[in-house]
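Structure file model.txt (compact mmCIF, C-alpha atoms) is printed below.
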```
# COMPACT_ATOMS: atom_id res chain seq x y z
CA MET A 8 -12.13 -2.78 -23.38
CA ALA A 9 -8.37 -2.92 -22.85
CA ARG A 10 -7.19 -2.95 -19.26
CA LYS A 11 -4.43 -0.42 -18.65
CA ILE A 12 -2.15 0.11 -15.65
CA GLY A 13 0.60 2.65 -15.07
CA VAL A 14 3.51 2.12 -12.67
CA ILE A 15 5.48 5.20 -11.65
CA GLY A 16 8.86 4.31 -10.17
CA THR A 17 10.54 1.11 -11.32
CA GLY A 18 12.97 0.45 -8.51
CA ASN A 19 12.88 -2.77 -6.51
CA VAL A 20 9.18 -2.41 -5.65
CA GLY A 21 7.90 -0.93 -8.92
CA ALA A 22 9.71 -3.57 -10.97
CA ALA A 23 8.27 -6.34 -8.79
CA VAL A 24 4.78 -4.85 -9.25
CA ALA A 25 5.24 -4.68 -13.02
CA HIS A 26 6.61 -8.24 -13.11
CA HIS A 27 3.58 -9.51 -11.17
CA ILE A 28 1.21 -7.66 -13.54
CA VAL A 29 2.91 -9.09 -16.65
CA LEU A 30 3.02 -12.66 -15.31
CA GLU A 31 -0.61 -12.55 -14.21
CA GLY A 32 -1.80 -10.90 -17.42
CA LEU A 33 -3.65 -8.32 -15.35
CA ALA A 34 -3.17 -5.54 -17.91
CA ASP A 35 -3.35 -5.47 -21.69
CA GLN A 36 -1.29 -2.28 -21.62
CA LEU A 37 1.37 -1.38 -19.07
CA VAL A 38 2.93 2.07 -18.81
CA LEU A 39 6.25 2.26 -16.94
CA ILE A 40 7.62 5.63 -15.84
CA ASP A 41 10.93 6.33 -14.13
CA LYS A 42 13.48 9.16 -14.11
CA ASN A 43 16.20 6.56 -14.73
CA LYS A 44 15.57 6.12 -18.46
CA GLU A 45 18.23 3.44 -18.83
CA LYS A 46 16.68 1.31 -16.06
CA VAL A 47 13.07 1.62 -17.25
CA THR A 48 14.12 0.89 -20.84
CA ALA A 49 15.96 -2.23 -19.69
CA ASP A 50 12.94 -3.40 -17.68
CA ALA A 51 10.65 -2.94 -20.68
CA ILE A 52 12.94 -4.98 -22.91
CA ASP A 53 13.33 -7.65 -20.23
CA PHE A 54 9.55 -7.98 -19.81
CA THR A 55 9.09 -8.15 -23.57
CA ASP A 56 11.70 -10.90 -23.74
CA ALA A 57 9.58 -12.85 -21.25
CA LEU A 58 6.37 -12.67 -23.30
CA ALA A 59 7.16 -15.62 -25.55
CA ASN A 60 7.39 -17.87 -22.49
CA ILE A 61 4.31 -16.81 -20.52
CA ASP A 62 0.57 -17.13 -21.05
CA HIS A 63 -0.34 -13.48 -21.60
CA HIS A 64 0.49 -10.61 -23.91
CA THR A 65 1.11 -7.14 -22.48
CA GLU A 66 1.87 -4.05 -24.54
CA ILE A 67 4.50 -1.99 -22.74
CA THR A 68 5.28 1.71 -23.16
CA ILE A 69 7.70 3.84 -21.13
CA ASN A 70 8.05 7.39 -19.83
CA ASP A 71 4.94 8.85 -21.46
CA TYR A 72 2.57 10.44 -18.94
CA SER A 73 0.02 11.09 -21.69
CA GLN A 74 -0.50 7.33 -21.86
CA LEU A 75 -2.06 7.48 -18.38
CA ALA A 76 -5.10 9.38 -19.67
CA ASP A 77 -7.21 6.24 -20.12
CA ALA A 78 -5.51 4.03 -17.51
CA ASP A 79 -7.74 2.15 -15.10
CA VAL A 80 -5.14 2.25 -12.35
CA VAL A 81 -1.88 4.08 -11.71
CA ILE A 82 0.45 2.77 -9.01
CA SER A 83 2.98 5.08 -7.36
CA ALA A 84 6.08 3.12 -6.34
CA VAL A 85 8.32 6.19 -6.17
CA GLY A 86 10.84 5.96 -3.34
CA ASN A 87 14.44 6.02 -2.17
CA ILE A 88 15.17 2.90 -0.14
CA ARG A 89 18.68 4.14 0.56
CA LEU A 90 17.26 6.64 3.08
CA PRO A 91 15.67 4.20 5.60
CA ASN A 92 18.74 1.99 5.27
CA GLU A 93 20.98 4.92 6.15
CA SER A 94 18.75 6.21 8.96
CA LYS A 95 18.79 2.87 10.86
CA THR A 96 15.70 4.05 12.77
CA ASN A 97 13.09 1.55 11.52
CA ASP A 98 11.00 4.54 10.51
CA ARG A 99 9.35 4.97 7.11
CA PHE A 100 9.41 8.74 7.62
CA ALA A 101 13.09 8.69 6.70
CA GLU A 102 11.89 8.79 3.09
CA LEU A 103 9.49 11.72 3.57
CA PRO A 104 11.77 14.60 2.45
CA PHE A 105 12.49 12.74 -0.80
CA THR A 106 9.03 11.33 -1.48
CA SER A 107 7.06 14.45 -0.56
CA SER A 108 9.18 16.39 -3.05
CA ALA A 109 8.65 13.65 -5.65
CA VAL A 110 4.87 13.92 -5.27
CA ARG A 111 5.08 17.64 -6.08
CA GLU A 112 6.81 16.66 -9.33
CA VAL A 113 4.77 13.58 -10.27
CA ALA A 114 1.22 14.57 -9.26
CA PRO A 115 0.89 17.54 -11.67
CA GLN A 116 1.95 15.30 -14.55
CA ILE A 117 -0.65 12.69 -13.59
CA LYS A 118 -3.25 15.47 -13.42
CA ALA A 119 -2.17 16.99 -16.75
CA SER A 120 -2.55 13.60 -18.46
CA GLY A 121 -6.30 13.66 -17.74
CA PHE A 122 -6.08 10.46 -15.68
CA ASN A 123 -9.39 9.74 -13.94
CA GLY A 124 -8.91 6.18 -12.74
CA VAL A 125 -7.80 4.98 -9.33
CA LEU A 126 -4.41 5.98 -7.95
CA ILE A 127 -2.79 3.37 -5.69
CA VAL A 128 -0.02 4.68 -3.48
CA ILE A 129 2.75 2.41 -2.24
CA THR A 130 5.20 5.26 -1.67
CA ASN A 131 6.23 5.74 1.98
CA PRO A 132 5.30 7.11 4.42
CA CYS A 133 2.14 5.77 2.84
CA ASP A 134 -0.65 7.68 4.61
CA VAL A 135 0.97 11.11 4.38
CA ILE A 136 2.00 10.57 0.76
CA THR A 137 -1.50 9.34 -0.15
CA SER A 138 -2.88 12.55 1.34
CA LEU A 139 -0.43 14.63 -0.69
CA TYR A 140 -1.27 12.81 -3.92
CA GLN A 141 -4.98 13.44 -3.38
CA LYS A 142 -4.32 17.13 -2.73
CA TYR A 143 -2.03 17.69 -5.70
CA THR A 144 -3.86 15.56 -8.28
CA GLY A 145 -7.28 16.87 -7.28
CA LEU A 146 -8.73 13.40 -7.74
CA PRO A 147 -11.75 12.54 -5.56
CA GLN A 148 -10.78 10.99 -2.23
CA ASN A 149 -12.37 7.66 -3.15
CA GLN A 150 -10.04 7.41 -6.18
CA VAL A 151 -6.80 7.81 -4.21
CA ILE A 152 -5.92 4.81 -2.05
CA GLY A 153 -2.80 3.78 -0.16
CA THR A 154 -1.85 0.13 0.23
CA GLY A 155 -1.52 0.97 3.92
CA THR A 156 -1.95 -1.92 6.32
CA LEU A 157 -2.97 -4.38 3.61
CA LEU A 158 0.66 -5.45 3.92
CA ASP A 159 0.78 -5.22 7.74
CA SER A 160 -2.38 -7.33 7.93
CA ALA A 161 -0.71 -9.92 5.71
CA ARG A 162 2.31 -9.93 8.01
CA MET A 163 0.00 -10.43 10.99
CA LYS A 164 -1.69 -13.34 9.22
CA ARG A 165 1.71 -14.85 8.50
CA ALA A 166 2.69 -14.55 12.17
CA VAL A 167 -0.61 -16.04 13.43
CA ALA A 168 -0.53 -18.82 10.85
CA SER A 169 3.03 -19.70 11.81
CA GLN A 170 1.96 -20.22 15.44
CA LEU A 171 -1.07 -22.28 14.45
CA LYS A 172 0.67 -24.13 11.59
CA ILE A 173 -2.00 -23.18 9.04
CA ASP A 174 -2.12 -21.30 5.74
CA PRO A 175 -2.06 -17.49 6.19
CA ARG A 176 -5.14 -17.30 3.96
CA SER A 177 -7.04 -19.16 6.68
CA VAL A 178 -6.57 -16.22 9.07
CA SER A 179 -8.89 -13.20 8.86
CA GLY A 180 -8.59 -9.82 10.55
CA TYR A 181 -6.92 -6.46 10.32
CA ASN A 182 -4.07 -4.24 11.30
CA LEU A 183 -5.29 -0.66 11.42
CA GLY A 184 -4.04 2.93 11.43
CA GLU A 185 -0.75 4.15 10.03
CA HIS A 186 1.39 2.01 7.75
CA GLY A 187 4.18 2.64 10.20
CA ASN A 188 5.16 2.43 13.83
CA SER A 189 1.77 3.48 15.24
CA GLN A 190 -0.17 0.75 13.44
CA PHE A 191 -1.65 -2.03 15.56
CA THR A 192 -3.39 -5.37 15.26
CA ALA A 193 -7.09 -5.09 16.05
CA TRP A 194 -7.28 -8.46 17.75
CA SER A 195 -11.05 -8.15 18.12
CA THR A 196 -11.26 -8.62 14.33
CA VAL A 197 -8.92 -11.62 14.02
CA ARG A 198 -10.27 -15.15 13.60
CA ALA A 199 -8.74 -18.53 12.79
CA LEU A 200 -9.81 -22.16 13.09
CA GLY A 201 -13.40 -21.00 13.29
CA HIS A 202 -12.92 -18.95 16.48
CA PRO A 203 -11.76 -15.51 17.63
CA ILE A 204 -7.96 -15.51 18.01
CA THR A 205 -8.34 -14.27 21.59
CA LYS A 206 -10.10 -17.53 22.49
CA ILE A 207 -7.53 -19.66 20.64
CA ALA A 208 -4.63 -17.80 22.25
CA ALA A 209 -6.06 -18.42 25.71
CA GLN A 210 -6.55 -22.11 24.95
CA LYS A 211 -3.09 -22.63 23.44
CA GLY A 212 -1.14 -20.25 25.65
CA LEU A 213 -0.14 -17.98 22.78
CA SER A 214 1.13 -14.46 23.37
CA LEU A 215 -0.71 -11.98 21.17
CA GLU A 216 1.91 -9.37 22.09
CA ASP A 217 4.65 -11.60 20.68
CA ILE A 218 2.65 -12.26 17.51
CA ASP A 219 1.98 -8.53 17.11
CA GLN A 220 5.68 -7.78 17.49
CA ALA A 221 6.58 -10.46 14.94
CA ALA A 222 4.18 -8.85 12.46
CA ARG A 223 5.61 -5.39 13.16
CA ASP A 224 9.20 -6.54 12.83
CA GLY A 225 8.63 -8.50 9.61
CA GLY A 226 9.28 -5.64 7.21
CA PHE A 227 12.41 -4.48 9.01
CA THR A 228 13.75 -8.04 9.19
CA VAL A 229 13.43 -8.25 5.40
CA LEU A 230 14.91 -4.76 5.01
CA LYS A 231 17.90 -5.67 7.16
CA GLY A 232 18.46 -8.90 5.28
CA LYS A 233 18.37 -7.62 1.69
CA LYS A 234 18.24 -3.80 2.07
CA TYR A 235 14.77 -3.50 0.56
CA THR A 236 11.34 -5.15 0.63
CA ASN A 237 9.44 -5.89 -2.57
CA TYR A 238 7.50 -9.16 -2.82
CA GLY A 239 5.04 -8.63 0.04
CA ILE A 240 4.23 -5.05 -0.92
CA SER A 241 4.02 -5.80 -4.64
CA ALA A 242 1.55 -8.62 -3.94
CA ALA A 243 -0.55 -6.23 -1.84
CA ALA A 244 -0.54 -3.55 -4.54
CA VAL A 245 -1.44 -5.99 -7.31
CA HIS A 246 -4.20 -7.52 -5.14
CA LEU A 247 -5.68 -4.04 -4.76
CA ALA A 248 -5.29 -3.23 -8.47
CA ARG A 249 -6.88 -6.55 -9.47
CA ASP A 250 -9.91 -5.95 -7.27
CA ILE A 251 -10.34 -2.46 -8.73
CA ILE A 252 -10.09 -3.64 -12.35
CA ASN A 253 -12.40 -6.59 -11.66
CA ASN A 254 -14.87 -4.39 -9.73
CA ALA A 255 -14.67 -7.07 -7.04
CA HIS A 256 -16.35 -5.20 -4.19
CA SER A 257 -13.94 -6.86 -1.79
CA GLU A 258 -13.27 -5.77 1.77
CA LEU A 259 -9.64 -4.71 2.26
CA PRO A 260 -7.74 -2.74 4.92
CA VAL A 261 -6.29 0.11 2.88
CA SER A 262 -5.38 3.72 3.52
CA ASN A 263 -8.52 5.71 2.73
CA PHE A 264 -9.88 9.03 3.89
CA GLN A 265 -11.80 8.64 7.13
CA GLU A 266 -14.07 11.59 7.88
CA GLU A 267 -14.30 10.68 11.56
CA TYR A 268 -10.54 11.14 11.93
CA ALA A 269 -10.13 13.76 9.17
CA THR A 270 -7.19 11.95 7.64
CA TYR A 271 -6.07 9.06 5.48
CA LEU A 272 -5.42 5.95 7.54
CA SER A 273 -5.92 2.23 7.10
CA TYR A 274 -9.39 0.92 7.83
CA PRO A 275 -11.35 -1.74 5.91
CA ALA A 276 -13.39 -0.51 2.94
CA ILE A 277 -15.21 -2.04 -0.01
CA ILE A 278 -13.02 -1.88 -3.13
CA GLY A 279 -14.33 -1.72 -6.70
CA LYS A 280 -13.85 0.04 -10.03
CA ASN A 281 -14.35 3.48 -8.48
CA GLY A 282 -11.83 2.82 -5.75
CA ILE A 283 -13.50 3.11 -2.36
CA GLU A 284 -17.05 1.99 -3.07
CA GLU A 285 -18.31 1.90 0.50
CA LYS A 286 -17.03 2.64 4.00
CA ILE A 287 -17.67 0.09 6.72
CA GLN A 288 -17.73 0.33 10.49
CA LEU A 289 -15.92 -2.14 12.73
CA ASP A 290 -17.03 -2.92 16.26
CA LEU A 291 -13.69 -2.10 17.90
CA THR A 292 -12.87 -2.24 21.59
CA ASP A 293 -12.32 1.01 23.48
CA GLU A 294 -8.57 0.32 23.58
CA GLU A 295 -8.47 -0.24 19.82
CA LYS A 296 -10.37 3.01 19.26
CA ARG A 297 -7.82 4.80 21.44
CA LYS A 298 -4.94 3.35 19.45
CA LEU A 299 -6.62 4.32 16.17
CA GLN A 300 -7.07 7.90 17.37
CA LEU A 301 -3.41 8.10 18.39
CA SER A 302 -2.38 6.79 14.97
CA ALA A 303 -4.65 9.32 13.23
CA ASP A 304 -3.24 12.17 15.31
CA TYR A 305 0.31 11.16 14.39
CA ILE A 306 -0.47 11.03 10.66
CA LYS A 307 -2.20 14.43 10.80
CA GLN A 308 0.74 15.96 12.66
CA LYS A 309 3.25 14.69 10.09
CA LEU A 310 1.05 15.83 7.19
CA ALA A 311 0.68 19.32 8.68
CA GLU A 312 4.44 19.58 9.16
CA THR A 313 5.03 18.52 5.56
CA LEU A 314 2.52 20.96 4.10
CA GLU A 315 4.01 23.78 6.16
CA LYS A 316 7.48 23.02 4.77
CA GLN A 317 6.13 22.87 1.22
CA THR A 318 4.44 26.27 1.50
CA ASN A 319 7.45 28.03 3.06
```

Would it be possible to restate this file's structure as structure tokens?
Amino acid sequence: MARKIGVIGTGNVGAAVAHHIVLEGLADQLVLIDKNKEKVTADAIDFTDALANIDHHTEITINDYSQLADADVVISAVGNIRLPNESKTNDRFAELPFTSSAVREVAPQIKASGFNGVLIVITNPCDVITSLYQKYTGLPQNQVIGTGTLLDSARMKRAVASQLKIDPRSVSGYNLGEHGNSQFTAWSTVRALGHPITKIAAQKGLSLEDIDQAARDGGFTVLKGKKYTNYGISAAAVHLARDIINNAHSELPVSNFQEEYATYLSYPAIIGKNGIEEKIQLDLTDEEKRKLQLSADYIKQKLAETLEKQTN
């Protein structure tokens, strides 16, 4: 059976996602959708020009929502990076007026196509937008997933690995909560060199606060340097898409609906062909539970404000 992925929004992030998919040969068919017809047409031609020099063949179509009907995965990379650059507040909610409106336009077209695969949401602010997509597409909650802190966790691993001079893949653990300013590193989950990071930090005199701040600041350092981020988030999105298509049953920290908190937020879950296959329960400290509740409350507040504006 042919593997099919749709990417909606082919700006810096969407194009990087599509490029990764084509190079990896993750999809037999790739559907690219963007309001900028000239840009999405150019990307499709450019990717097709690359096919003769790579190991995989990918059939590419553009701007046809009906093609999403039998897609395994659709990735929303809709956004307007100009807004956080202009706001200078280091806050992903700068994009919310634009992206929440975009969801109202895009979601009905996804729904009308008959799509019944897994929707991956990159679009910021990720947790609120993931909630809106689930509401407006009517897809089951397990089939709508935000990349969430899959990226923040990777940034944490990069920061820890840099201190320990090891490969980031040798660090395990999670950042939880909002993909935004209220997210936090759950240090009780982090391990490296065969030990809990708390033990290693005590032995080596490392500051977990400094490492946490380095992980937090990573995205904004990249944003300041080149006015957008794309490689880290595209790798996270493709990792998630790959594990869905492969029915991997992997454990990833993604934005998924948590009944306990009555909202989408990032918390590890088992990922497979149906999206969220199983919820898991971490043994968090009381302080980590407090931080998670604060993050959940913030997401719910912002979602409620957005829904109120959309109904007025």

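Between atom CA of Ser214 of chain A and atom CA of Lys231 of chain A lies a distance of 24.9 Å.
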
**Asked** Do you have the atom CA of Ala78 of chain A-atom CA of Leu37 of chain A distance handy?
**Response**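 Calculated distance between atom CA of Ala78 of chain A and atom CA of Leu37 of chain A is 8.9 Å.
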
Kindly provide the residues of segment 183-252 of chain A that approach segment 284-302 of chain A to within 10 Å, each paired with its closest atom pair and their distance in Å to one decimal, based on all atoms listed in the file, listed by chain and increasing number, as a Markdown table.
```
| residue | atom | partner | partner_atom | distance |
| --- | --- | --- | --- | --- |
| A:Leu183 | CA | A:Leu299 | CA | 7.0 |
| A:Gly184 | CA | A:Ser302 | CA | 5.5 |
| A:Glu185 | CA | A:Ser302 | CA | 5.8 |
| A:His186 | CA | A:Ser302 | CA | 9.4 |
| A:Gly187 | CA | A:Ser302 | CA | 9.1 |
| A:Asn188 | CA | A:Ser302 | CA | 8.8 |
| A:Ser189 | CA | A:Ser302 | CA | 5.3 |
| A:Gln190 | CA | A:Ser302 | CA | 6.6 |
| A:Phe191 | CA | A:Lys298 | CA | 7.4 |
| A:Thr192 | CA | A:Glu295 | CA | 8.5 |
| A:Ala193 | CA | A:Glu295 | CA | 6.3 |
| A:Trp194 | CA | A:Glu295 | CA | 8.6 |
| A:Ser195 | CA | A:Leu291 | CA | 6.6 |
| A:Thr196 | CA | A:Leu291 | CA | 7.8 |
| A:Ile251 | CA | A:Glu284 | CA | 9.8 |
```

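Residues lying within 9 Å of Glu31 of chain A, counting all atoms listed in the file and ignoring same-chain neighbours fewer than 5 positions away, are His26, Asp62 and His63 of chain A.
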
Quick one: axis-aligned box around all listed atoms of segment 46-59 of chain A, 4 Å on every side, centre and edge lengths in Å to one decimal, written as JSON.
```
{"center_x": 11.5, "center_y": -7.0, "center_z": -20.8, "size_x": 18.3, "size_y": 25.2, "size_z": 17.5}
```

**Request:** Using atom CA of Leu75 of chain A and atom CA of Val14 of chain A as the two end points, give the distance in Å to one decimal.
**Result:**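 Value for the atom CA of Leu75 of chain A-atom CA of Val14 of chain A distance: 9.6 Å.
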
**Asked** For Glu216 of chain A, which residue out of A:Phe264, A:Pro115, A:Glu315, A:Met163 is the nearest one, using only C-alpha atoms?
**Response**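 Checking each of A:Phe264, A:Pro115, A:Glu315, A:Met163 against Glu216 of chain A, counting only C-alpha atoms, the winner is A:Met163.
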
**Item:** Selection near Val135 of chain A, 10 Å with only C-alpha atoms, sequence-local residues under 2 positions removed, as a ChimeraX atom specification
**Value:** /A:100,103,106-107,130-133,137-140,153,185-186,262,270-272,306-311,313-314

**Asked** Pick the closest to Asn123 of chain A from A:Arg249, A:Lys280, A:Lys233, A:His27: which is it, counting all atoms listed in the file?
**Response**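 Among the listed residues, A:Lys280 lies closest to Asn123 of chain A.
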
Could you name the residues that touch Ala51 of chain A at 9 Å or less, counting all atoms listed in the file, but leaving out those on the same chain fewer than 6 positions away, as an mmCIF file with C-alpha atoms, in the coordinates of the input?
```
data_model
loop_
_atom_site.group_PDB
_atom_site.id
_atom_site.type_symbol
_atom_site.label_atom_id
_atom_site.label_comp_id
_atom_site.auth_asym_id
_atom_site.auth_seq_id
_atom_site.Cartn_x
_atom_site.Cartn_y
_atom_site.Cartn_z
ATOM 1 C CA LEU A 39 6.250 2.260 -16.940
ATOM 2 C CA ILE A 67 4.500 -1.990 -22.740
ATOM 3 C CA THR A 68 5.280 1.710 -23.160
ATOM 4 C CA ILE A 69 7.700 3.840 -21.130
#
```

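Residue nearest Val128 of chain A, chosen from A:Ile52, A:Val29, A:Ala209, A:Ala244 and counting only C-alpha atoms: A:Ala244.
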
**Message:** Using all atoms listed in the file, can you tell me which of A:Thr48, A:Thr236, A:Gln317, A:Gln265 comes closest to Val24 of chain A?
**Reply:**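 Among the listed residues, the smallest separation from Val24 of chain A belongs to A:Thr236.
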
**Item:** Proximity to Asn237 of chain A - best of A:Ile127, A:Ile88, A:Ile40, A:Ala101, all atoms listed in the file
**Value:**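 Going through A:Ile127, A:Ile88, A:Ile40, A:Ala101 one by one, the smallest distance to Asn237 of chain A is for A:Ile88.
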
**Request:** Fewer than 6 positions away in the same chain doesn't count, so skip those; otherwise give me all residues within 6 Å of Val151 of chain A, counting only C-alpha atoms, as a list in words.
**Result:**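 Residues meeting the cut-off are Val125, Leu126 and Gln141 of chain A.
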
Write a file of the selected residues as a short mmCIF file (atom, residue, chain, number, x, y, z; two decimals), in the coordinates of the input, keeping C-alpha atoms.
```
data_model
loop_
_atom_site.label_atom_id
_atom_site.label_comp_id
_atom_site.auth_asym_id
_atom_site.auth_seq_id
_atom_site.Cartn_x
_atom_site.Cartn_y
_atom_site.Cartn_z
CA VAL A 125 -7.80 4.98 -9.33
CA LEU A 126 -4.41 5.98 -7.95
CA GLN A 141 -4.98 13.44 -3.38
#
```

**Item:** Residues near Asn92 of chain A, cut-off 12 Å, all atoms listed in the file, skip fewer than 3 positions along chain, as a ChimeraX atom specification
**Value:** /A:87-89,95-102,227-236

**Message:** Let me make sure I understand: among A:Ala34, A:Ala168, A:Ile278, A:Ile61, which one has the smallest atom-to-atom distance to His256 of chain A if we use all atoms listed in the file?
**Reply:** A:Ile278
